[in-house]
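As structure tokens, the structure follows; a few thoughts come after it.
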Amino acid sequence: MGDAIDQRPGPGHLLMIGIPGFELDDSTRALICEDGVHNFILFRRNVSDRQQLSLLCRQLRETCVRQGLPRPLIAIDQEGGQVARLPPPFTLFDEPRSLAESSDCQARLLHYAVTCAEELISVGINFNLAPVLDVCPVGKGLFMERRCLGDDPQRVAELGALVVGGLQSAGVAACAKHFPGLGSALLDPHLDLPVVDLSVERLMAHDLVPFVEAIDAGVAAVMTSHAVYSAMDGSLPGTLSRRVIHEVLRERCGYDGLIITDDMEMGAIEKFMAFPDAVVKAFLAGADLVLICHDHQKIRNALTSLGKILSDGTEERARVKDSLRRQDAILARIAG
């Protein structure tokens, strides 16, 4: 496996990456052993059955530890409904909107959170990129409608905090997404760059309410949105905006936990800015982990670009230490 990775602040600490298939492949192993990458996201392409998935997570964990790297955060999007990566025999949950609109919504959402966490832990996954806390109206054809918990910010806040507590009390880190709110966006950022044209006052009194509640509930992580918020920063998507990440999320909302970007390979980012530049921009804006879900060559390009920034800047190296501190804080409170 080679020598242990140099533990000085490096770009590998700043990425969460996808892997190609069912096994720990040579490319992923090289990114761990040569570049110090130690956080991963899994998709349906990584799952054939429970035994295989358990082995893959164990291989990721053991390879990182042998290299002297931190225990990995192993993440998945297991929201329920249309966004669920685990096939049967894992539980297939109803979409969040349906659970939230049921007569026994609190009991059903808590059952989802605890059952989901127990199943994730059983195979070595310790980080669920859920719940969605976007506030989205019904019947307007908005793409986030069924992934959300409702159109009333106080209700979404209440139910979102319940899900956060259920996941984390059972040992899995939760992630509130997509800050500062994607519920009113017309375009899907997987494809194009949405613009959310709401006033700061409206955002603070409406869209941000569930995120503030989740922060108060101790949510482990917050995911940024690939949308332009014209009243906050009309020139950059939220993921790339220091105004959105640092001034609003860190300072105004008082959040000192882990900030993770949405997938940087989405059309909203790749059509807006050259990929390596966008990764650096997200880091400089305040993101602790940059999510790159698919292309390993893009991951290597990102490592090169981030490495150049870190080699030149004392402040930037200190930021990596902050990111590691926040990752360590999550690892200290979750299973796996």
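In the structure tokens, chains take letters A, B, ... by order of appearance, with residues numbered from 1 within each chain and ligands from 1 in the order shown.
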Name the residues in contact with Thr261 of chain A at a cut-off of 10 Å, using only C-alpha atoms, excluding same-chain residues fewer than 4 positions from it; report them as a list of chain:residue names. A:Leu15, A:Met16, A:Lys177, A:His178, A:Phe179, A:Val222, A:Met223, A:Thr224, A:Ser225, A:His226, A:Gly238, A:Thr239, A:Leu240, A:Val279, A:Ala282, A:Phe283, A:Gly286, A:Ala287, A:Asp288, A:Leu289, A:Val290, A:Leu291, A:Ile292
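The environment of Gly181 of chain A within 7 Å, counting only C-alpha atoms and disregarding residues fewer than 5 places along the same chain, consists of A:Asp134, A:Val135, A:Asp207, A:Leu208.
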N, CA, C and O atoms of the current selection, written as a CSV table (one decimal), in the first residue's frame:
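To be explicit, this is the file written out as result-v8.csv:
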```
chain,number,residue,atom,x,y,z
A,134,ASP,N,-35.9,22.2,1.7
A,134,ASP,CA,-36.5,23.2,0.9
A,134,ASP,C,-38.0,23.3,1.1
A,134,ASP,O,-38.7,22.3,1.3
A,135,VAL,N,-38.5,24.5,1.0
A,135,VAL,CA,-40.0,24.8,1.2
A,135,VAL,C,-40.6,25.0,-0.2
A,135,VAL,O,-40.2,25.9,-0.9
A,207,ASP,N,-37.6,30.6,3.5
A,207,ASP,CA,-36.8,29.5,3.1
A,207,ASP,C,-35.8,29.1,4.1
A,207,ASP,O,-35.4,27.9,4.2
A,208,LEU,N,-35.2,30.0,4.9
A,208,LEU,CA,-34.2,29.7,5.8
A,208,LEU,C,-34.7,29.2,7.1
A,208,LEU,O,-33.9,28.6,7.9
```
List every residue of segment 102-329 of chain A that DSSP, applied to the backbone of this structure, assigns to strand (DSSP E), and report them as a VMD selection string. chain A and resid 127 to 128 173 to 179 195 to 196 221 to 224 228 to 229 233 to 237 258 to 260 290 to 292
N, CA, C and O atoms of the current selection, written as a short mmCIF file (atom, residue, chain, number, x, y, z; two decimals), in the first residue's frame:
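As a result, out.cif now contains:
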```
data_model
loop_
_atom_site.label_atom_id
_atom_site.label_comp_id
_atom_site.auth_asym_id
_atom_site.auth_seq_id
_atom_site.Cartn_x
_atom_site.Cartn_y
_atom_site.Cartn_z
N PHE A 127 -23.43 8.41 6.92
CA PHE A 127 -23.78 9.79 6.58
C PHE A 127 -24.91 9.74 5.54
O PHE A 127 -24.71 9.23 4.43
N ASN A 128 -26.09 10.23 5.91
CA ASN A 128 -27.20 10.29 4.97
C ASN A 128 -27.39 11.74 4.53
O ASN A 128 -27.58 12.62 5.37
N ALA A 173 -24.99 10.54 10.60
CA ALA A 173 -24.98 11.99 10.41
C ALA A 173 -26.06 12.38 9.40
O ALA A 173 -26.26 11.71 8.39
N ALA A 174 -26.73 13.49 9.68
CA ALA A 174 -27.75 14.03 8.77
C ALA A 174 -27.20 15.26 8.07
O ALA A 174 -26.24 15.89 8.53
N CYS A 175 -27.83 15.60 6.94
CA CYS A 175 -27.40 16.76 6.15
C CYS A 175 -28.64 17.54 5.71
O CYS A 175 -29.49 17.01 4.99
N ALA A 176 -28.74 18.79 6.12
CA ALA A 176 -29.84 19.66 5.71
C ALA A 176 -29.53 20.25 4.34
O ALA A 176 -28.47 20.85 4.15
N LYS A 177 -30.45 20.10 3.40
CA LYS A 177 -30.19 20.58 2.04
C LYS A 177 -31.48 21.14 1.44
O LYS A 177 -32.56 20.77 1.87
N HIS A 178 -31.37 22.12 0.53
CA HIS A 178 -30.21 22.67 -0.18
C HIS A 178 -30.15 24.15 0.17
O HIS A 178 -30.95 24.93 -0.36
N PHE A 179 -29.25 24.55 1.04
CA PHE A 179 -29.17 25.90 1.59
C PHE A 179 -28.80 26.91 0.50
O PHE A 179 -27.89 26.66 -0.30
N VAL A 195 -32.30 30.55 -11.00
CA VAL A 195 -32.22 31.84 -10.32
C VAL A 195 -33.41 31.94 -9.38
O VAL A 195 -34.56 31.79 -9.80
N VAL A 196 -33.14 32.18 -8.11
CA VAL A 196 -34.19 32.39 -7.10
C VAL A 196 -34.25 33.88 -6.83
O VAL A 196 -33.34 34.45 -6.23
N ALA A 221 -24.41 18.40 9.14
CA ALA A 221 -23.90 19.02 7.92
C ALA A 221 -25.02 19.79 7.23
O ALA A 221 -26.21 19.52 7.41
N VAL A 222 -24.60 20.77 6.41
CA VAL A 222 -25.51 21.53 5.56
C VAL A 222 -24.96 21.48 4.14
O VAL A 222 -23.76 21.69 3.92
N MET A 223 -25.84 21.20 3.17
CA MET A 223 -25.44 21.17 1.76
C MET A 223 -25.89 22.44 1.07
O MET A 223 -27.02 22.89 1.24
N THR A 224 -24.99 23.01 0.25
CA THR A 224 -25.29 24.24 -0.46
C THR A 224 -26.03 23.97 -1.76
O THR A 224 -25.95 22.90 -2.34
N VAL A 228 -28.56 30.67 -8.14
CA VAL A 228 -28.23 32.07 -7.88
C VAL A 228 -29.35 32.69 -7.05
O VAL A 228 -30.53 32.58 -7.41
N TYR A 229 -28.99 33.30 -5.94
CA TYR A 229 -29.94 34.02 -5.09
C TYR A 229 -29.70 35.50 -5.30
O TYR A 229 -28.78 36.08 -4.73
N ASP A 233 -26.54 37.37 -3.73
CA ASP A 233 -25.37 37.47 -4.60
C ASP A 233 -25.83 37.17 -6.02
O ASP A 233 -25.99 36.00 -6.39
N GLY A 234 -26.07 38.20 -6.78
CA GLY A 234 -26.61 38.02 -8.12
C GLY A 234 -25.63 37.51 -9.14
O GLY A 234 -26.02 37.22 -10.29
N SER A 235 -24.37 37.36 -8.77
CA SER A 235 -23.35 37.00 -9.76
C SER A 235 -22.88 35.56 -9.66
O SER A 235 -22.24 35.06 -10.60
N LEU A 236 -23.17 34.86 -8.55
CA LEU A 236 -22.62 33.52 -8.35
C LEU A 236 -23.68 32.57 -7.79
O LEU A 236 -24.51 32.98 -6.97
N PRO A 237 -23.65 31.29 -8.17
CA PRO A 237 -24.47 30.30 -7.48
C PRO A 237 -24.10 30.21 -6.01
O PRO A 237 -22.95 30.49 -5.63
N LEU A 258 -20.22 21.24 9.49
CA LEU A 258 -19.67 20.90 8.17
C LEU A 258 -20.57 21.43 7.06
O LEU A 258 -21.78 21.20 7.06
N ILE A 259 -19.96 22.10 6.09
CA ILE A 259 -20.66 22.55 4.89
C ILE A 259 -20.15 21.74 3.71
O ILE A 259 -18.94 21.70 3.45
N ILE A 260 -21.07 21.11 2.99
CA ILE A 260 -20.73 20.30 1.83
C ILE A 260 -21.46 20.85 0.61
O ILE A 260 -22.60 21.30 0.71
N VAL A 290 -16.04 19.32 -0.90
CA VAL A 290 -16.51 19.52 -2.27
C VAL A 290 -16.89 18.15 -2.82
O VAL A 290 -16.08 17.22 -2.83
N LEU A 291 -18.13 18.02 -3.28
CA LEU A 291 -18.67 16.74 -3.71
C LEU A 291 -18.49 16.57 -5.22
O LEU A 291 -18.96 17.38 -6.01
N ILE A 292 -17.78 15.51 -5.61
CA ILE A 292 -17.56 15.17 -7.02
C ILE A 292 -17.94 13.70 -7.18
O ILE A 292 -17.24 12.81 -6.71
#
```
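If you count only C-alpha atoms and ignore residues fewer than 2 places along the chain from segment 22-30 of chain A, what sits within 8 Å of it is Ile19, Pro20, Ile32, Cys33, Glu34, Asp35, Arg45, Asn46, Val47, Ser48, Gln52, Leu53, Leu56, Gln59, Leu60, Thr63 and His296 of chain A.
If only C-alpha atoms are the atoms counted, then among A:Phe90, A:Phe275, A:Phe211, A:Phe43 the closest residue to Pro153 of chain A is A:Phe211.
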For Ser305 of chain A, list every protein, DNA or RNA residue within 10 Å, evaluated using only C-alpha atoms, and leave out those in the same chain fewer than 6 positions away; present the list as a PyMOL selection string. chain A and resi 11+275-280+299
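Excluding Leu99 of chain A and any residue on its chain fewer than 3 positions from it, the residues at most 10 Å away by only C-alpha atoms are Gly80, Gly81, Phe93, Asp94, Glu95, Pro96, Ser102, Ser103, Asp104, Cys105, Gln106, Ala107, Arg108, Leu109, Leu110, Tyr112, Cys148 and Leu149 of chain A.
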Produce a file of the selected residues containing all heavy atoms, as a short mmCIF file (atom, residue, chain, number, x, y, z; two decimals), in the first residue's frame.
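result-v7.cif written:
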```cif
data_model
loop_
_atom_site.label_atom_id
_atom_site.label_comp_id
_atom_site.auth_asym_id
_atom_site.auth_seq_id
_atom_site.Cartn_x
_atom_site.Cartn_y
_atom_site.Cartn_z
N GLY A 80 -35.74 8.62 0.39
CA GLY A 80 -37.03 7.99 0.21
C GLY A 80 -37.66 8.45 -1.09
O GLY A 80 -37.30 9.48 -1.65
N GLY A 81 -38.63 7.68 -1.59
CA GLY A 81 -39.28 8.04 -2.84
C GLY A 81 -38.34 7.94 -4.01
O GLY A 81 -37.61 6.96 -4.18
N PHE A 93 -38.87 3.44 1.28
CA PHE A 93 -39.70 4.41 1.98
C PHE A 93 -40.50 5.26 0.98
O PHE A 93 -40.05 5.52 -0.14
CB PHE A 93 -38.84 5.34 2.83
CG PHE A 93 -38.04 4.63 3.88
CD1 PHE A 93 -36.70 4.32 3.67
CD2 PHE A 93 -38.62 4.24 5.07
CE1 PHE A 93 -35.95 3.66 4.63
CE2 PHE A 93 -37.89 3.58 6.04
CZ PHE A 93 -36.55 3.28 5.83
N ASP A 94 -41.67 5.71 1.40
CA ASP A 94 -42.44 6.65 0.59
C ASP A 94 -41.68 7.96 0.46
O ASP A 94 -40.79 8.28 1.27
CB ASP A 94 -43.79 6.92 1.24
CG ASP A 94 -44.74 5.74 1.12
OD1 ASP A 94 -44.47 4.86 0.29
OD2 ASP A 94 -45.73 5.70 1.88
N GLU A 95 -42.05 8.75 -0.53
CA GLU A 95 -41.42 10.06 -0.73
C GLU A 95 -41.70 10.96 0.47
O GLU A 95 -42.73 10.84 1.14
CB GLU A 95 -41.93 10.69 -2.01
CG GLU A 95 -43.41 10.90 -2.03
CD GLU A 95 -43.93 11.25 -3.40
OE1 GLU A 95 -43.17 11.24 -4.39
OE2 GLU A 95 -45.13 11.56 -3.48
N PRO A 96 -40.76 11.86 0.78
CA PRO A 96 -40.92 12.71 1.96
C PRO A 96 -42.23 13.48 1.99
O PRO A 96 -42.85 13.62 3.06
CB PRO A 96 -39.72 13.66 1.85
CG PRO A 96 -38.69 12.86 1.13
CD PRO A 96 -39.44 12.04 0.13
N SER A 102 -49.18 12.70 5.62
CA SER A 102 -49.99 11.64 6.20
C SER A 102 -50.53 12.07 7.57
O SER A 102 -50.01 12.98 8.22
CB SER A 102 -49.16 10.36 6.35
OG SER A 102 -48.07 10.56 7.23
N SER A 103 -51.59 11.41 8.00
CA SER A 103 -52.23 11.78 9.26
C SER A 103 -51.33 11.50 10.46
O SER A 103 -51.42 12.18 11.49
CB SER A 103 -53.55 11.02 9.42
OG SER A 103 -53.33 9.61 9.40
N ASP A 104 -50.46 10.52 10.35
CA ASP A 104 -49.52 10.18 11.42
C ASP A 104 -48.10 10.52 10.99
O ASP A 104 -47.18 9.72 11.15
CB ASP A 104 -49.64 8.71 11.80
CG ASP A 104 -49.46 7.77 10.61
OD1 ASP A 104 -49.50 8.25 9.46
OD2 ASP A 104 -49.29 6.55 10.84
N CYS A 105 -47.92 11.72 10.46
CA CYS A 105 -46.66 12.10 9.82
C CYS A 105 -45.46 12.03 10.75
O CYS A 105 -44.39 11.59 10.34
CB CYS A 105 -46.78 13.50 9.20
SG CYS A 105 -47.17 14.80 10.38
N GLN A 106 -45.61 12.45 11.99
CA GLN A 106 -44.46 12.44 12.89
C GLN A 106 -43.98 11.01 13.15
O GLN A 106 -42.78 10.74 13.12
CB GLN A 106 -44.80 13.16 14.18
CG GLN A 106 -44.98 14.66 14.01
CD GLN A 106 -45.07 15.39 15.33
OE1 GLN A 106 -45.30 14.80 16.38
NE2 GLN A 106 -44.89 16.69 15.28
N ALA A 107 -44.92 10.12 13.40
CA ALA A 107 -44.55 8.73 13.66
C ALA A 107 -43.92 8.10 12.42
O ALA A 107 -42.92 7.37 12.51
CB ALA A 107 -45.77 7.93 14.08
N ARG A 108 -44.46 8.40 11.24
CA ARG A 108 -43.94 7.80 10.01
C ARG A 108 -42.57 8.37 9.65
O ARG A 108 -41.68 7.63 9.20
CB ARG A 108 -44.93 8.01 8.86
CG ARG A 108 -46.23 7.24 9.05
CD ARG A 108 -47.09 7.32 7.81
NE ARG A 108 -46.50 6.58 6.70
CZ ARG A 108 -46.96 6.63 5.45
NH1 ARG A 108 -48.00 7.41 5.15
NH2 ARG A 108 -46.37 5.92 4.50
N LEU A 109 -42.37 9.66 9.86
CA LEU A 109 -41.06 10.25 9.56
C LEU A 109 -40.00 9.78 10.56
O LEU A 109 -38.86 9.53 10.18
CB LEU A 109 -41.16 11.77 9.57
CG LEU A 109 -41.78 12.37 8.31
CD1 LEU A 109 -42.17 13.83 8.53
CD2 LEU A 109 -40.82 12.27 7.12
N LEU A 110 -40.38 9.63 11.81
CA LEU A 110 -39.42 9.12 12.79
C LEU A 110 -39.09 7.67 12.49
O LEU A 110 -37.92 7.26 12.61
CB LEU A 110 -39.99 9.26 14.20
CG LEU A 110 -39.02 8.94 15.33
CD1 LEU A 110 -37.78 9.84 15.28
CD2 LEU A 110 -39.71 9.10 16.69
N TYR A 112 -39.10 6.32 9.51
CA TYR A 112 -38.17 6.40 8.37
C TYR A 112 -36.75 6.69 8.86
O TYR A 112 -35.79 6.01 8.47
CB TYR A 112 -38.61 7.49 7.39
CG TYR A 112 -37.45 8.14 6.67
CD1 TYR A 112 -36.78 7.47 5.64
CD2 TYR A 112 -36.97 9.39 7.05
CE1 TYR A 112 -35.69 8.04 5.01
CE2 TYR A 112 -35.88 9.96 6.42
CZ TYR A 112 -35.24 9.28 5.40
OH TYR A 112 -34.13 9.84 4.80
N CYS A 148 -39.73 17.37 -0.89
CA CYS A 148 -39.80 18.29 0.25
C CYS A 148 -40.83 17.82 1.27
O CYS A 148 -41.67 16.97 1.00
CB CYS A 148 -40.17 19.69 -0.23
SG CYS A 148 -38.97 20.42 -1.34
N LEU A 149 -40.78 18.45 2.43
CA LEU A 149 -41.69 18.12 3.52
C LEU A 149 -42.90 19.03 3.58
O LEU A 149 -43.74 18.87 4.47
CB LEU A 149 -40.94 18.17 4.86
CG LEU A 149 -39.85 17.11 5.04
CD1 LEU A 149 -38.97 17.43 6.24
CD2 LEU A 149 -40.46 15.72 5.19
#
```
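Atom CA of Pro131 of chain A lies 26.1 Å from atom CA of Val320 of chain A.
Residues with any atom within 9 Å of Pro137 of chain A, counting only C-alpha atoms and excluding same-chain neighbours fewer than 2 positions away, are A:Val135, A:Gly139, A:Lys140, A:Gly141, A:Leu142, A:Glu145, A:Gly150, A:Asp151, A:Asp152, A:Gly183, A:Ser184.
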Among segment 118-230 of chain A, which residues carry a DSSP assignment of alpha helix (DSSP H), reported as a ChimeraX atom specification? /A:118-123,153-169,200-202,209-216
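Residue neighbourhood of Gly10 of chain A, excluding near-sequence residues (fewer than 5 positions): Ile5, Asp35, Gly36, Val37, Leu303, Leu306, Gly307, Leu310, Ser311, Arg317, Val320 and Lys321 of chain A, at 10 Å, using only C-alpha atoms.
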Can you write out the residues you just picked, keeping C-alpha atoms, as a CSV table (one decimal), in the first residue's frame?
```csv
chain,number,residue,atom,x,y,z
A,5,ILE,CA,-0.1,9.9,3.7
A,35,ASP,CA,-3.8,11.8,-2.7
A,36,GLY,CA,-5.2,11.3,0.8
A,37,VAL,CA,-8.9,11.3,-0.3
A,303,LEU,CA,-6.8,18.0,-6.5
A,306,LEU,CA,-6.7,22.9,-4.9
A,307,GLY,CA,-3.1,21.9,-4.3
A,310,LEU,CA,-2.9,25.4,-0.6
A,311,SER,CA,0.8,25.6,-1.5
A,317,ARG,CA,-4.1,25.7,4.8
A,320,VAL,CA,-8.3,22.8,5.6
A,321,LYS,CA,-7.6,22.3,9.3
```
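Using only C-alpha atoms, the smallest distance between any of A:Leu69, A:Met232, A:Leu120, A:Cys64 and Thr91 of chain A comes from A:Leu120.
With atom CA of Leu186 of chain A on one side and atom CA of Ile269 of chain A on the other, the separation reads 16.2 Å.
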